[in-house]
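Shown next: upload.pdb, containing PDB, C-alpha atoms.
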MODEL        1
ATOM      1  CA  MET A1297       0.000   0.000   0.000
ATOM      2  CA  GLY A1298       2.871   2.358   0.768
ATOM      3  CA  TYR A1299       4.312   1.696  -2.682
ATOM      4  CA  LEU A1300       1.120   2.976  -4.320
ATOM      5  CA  TRP A1301       1.198   6.171  -2.255
ATOM      6  CA  VAL A1302       4.817   6.801  -3.221
ATOM      7  CA  MET A1303       3.988   6.248  -6.890
ATOM      8  CA  THR A1304       0.978   8.581  -6.663
ATOM      9  CA  ILE A1305       2.933  11.346  -4.956
ATOM     10  CA  GLY A1306       5.777  10.967  -7.453
ATOM     11  CA  PHE A1307       3.341  11.138 -10.350
ATOM     12  CA  VAL A1308       1.748  14.305  -8.981
ATOM     13  CA  ILE A1309       5.175  15.894  -8.529
ATOM     14  CA  CYS A1310       6.139  14.985 -12.102
ATOM     15  CA  LEU A1311       2.878  16.447 -13.419
ATOM     16  CA  GLY A1312       3.550  19.636 -11.461
ATOM     17  CA  LEU A1313       7.055  19.965 -12.886
ATOM     18  CA  VAL A1314       5.917  19.358 -16.457
ATOM     19  CA  GLY A1315       2.932  21.703 -16.077
ATOM     20  CA  GLY A1316       5.046  24.430 -14.500
ATOM     21  CA  THR A1317       7.628  24.181 -17.253
ATOM     22  CA  LEU A1318       4.928  24.303 -19.923
ATOM     23  CA  LEU A1319       3.270  27.353 -18.359
ATOM     24  CA  TYR A1320       6.633  29.095 -18.003
ATOM     25  CA  PHE A1321       7.502  28.713 -21.669
ATOM     26  CA  ILE A1322       4.003  29.666 -22.788
ATOM     27  CA  SER A1323       4.091  32.821 -20.655
ATOM     28  CA  THR A1324       7.487  33.816 -22.051
ATOM     29  CA  ALA A1325       6.190  33.314 -25.587
ATOM     30  CA  PHE A1326       3.398  35.824 -24.903
ATOM     31  CA  ASN A1327       5.523  38.941 -24.540
ATOM     32  CA  LEU A1328       2.902  41.205 -22.966
ATOM     33  CA  LYS A1329       5.018  44.386 -23.112
ATOM     34  CA  ASP A1330       5.510  43.882 -26.829
ATOM     35  CA  ALA A1331       1.787  43.277 -27.353
ATOM     36  CA  SER A1332       0.874  46.589 -25.724
ATOM     37  CA  ARG A1333       3.482  48.366 -27.861
ATOM     38  CA  ILE A1334       2.046  46.912 -31.059
ATOM     39  CA  ASP A1335      -1.627  47.425 -30.203
ATOM     40  CA  LEU A1336      -1.686  51.229 -30.309
ATOM     41  CA  LEU A1337      -5.483  51.488 -30.299
ATOM     42  CA  ASP A1338      -5.636  50.022 -26.795
ATOM     43  CA  THR A1339      -2.930  52.273 -25.326
ATOM     44  CA  LYS A1340      -4.175  55.569 -26.814
ATOM     45  CA  ARG A1341      -7.766  55.189 -25.666
ATOM     46  CA  GLU A1342      -9.046  58.501 -24.297
ATOM     47  CA  LYS A1343     -11.921  58.775 -21.844
TER      48      LYS A1343
ENDMDL
END
Taking this structure as input, can you express it in the form of structure tokens?
Amino acid sequence: MGYLWVMTIGFVICLGLVGGTLLYFISTAFNLKDASRIDLLDTKREK
């Protein structure tokens, strides 16, 4: 029974590492500063 718990915890840790790495690279691909520089209509909106 202990073996199954160790495998489950290890699997969850591996999923967390893979998911964190994926989210990191996706967030660096979306350069938000560059998007606001390109989209001039959004930054020059006057109220």
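Across the structure, CA of Asn1327 (chain A) and CA of Gly1312 (chain A) are spaced 23.4 Å apart.
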Open item on the list: Report, in Å to a single decimal, how far apart CA of Gly1298 (chain A) and CA of Thr1317 (chain A) are.
Closed with: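 Computing it gives 28.7 Å between the two atoms.
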Task: Separation of CA of Ala1325 (chain A) from CA of Gly1306 (chain A) in Å - done: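 Atom-to-atom, CA of Gly1306 (chain A) to CA of Ala1325 (chain A), that is 28.8 Å.
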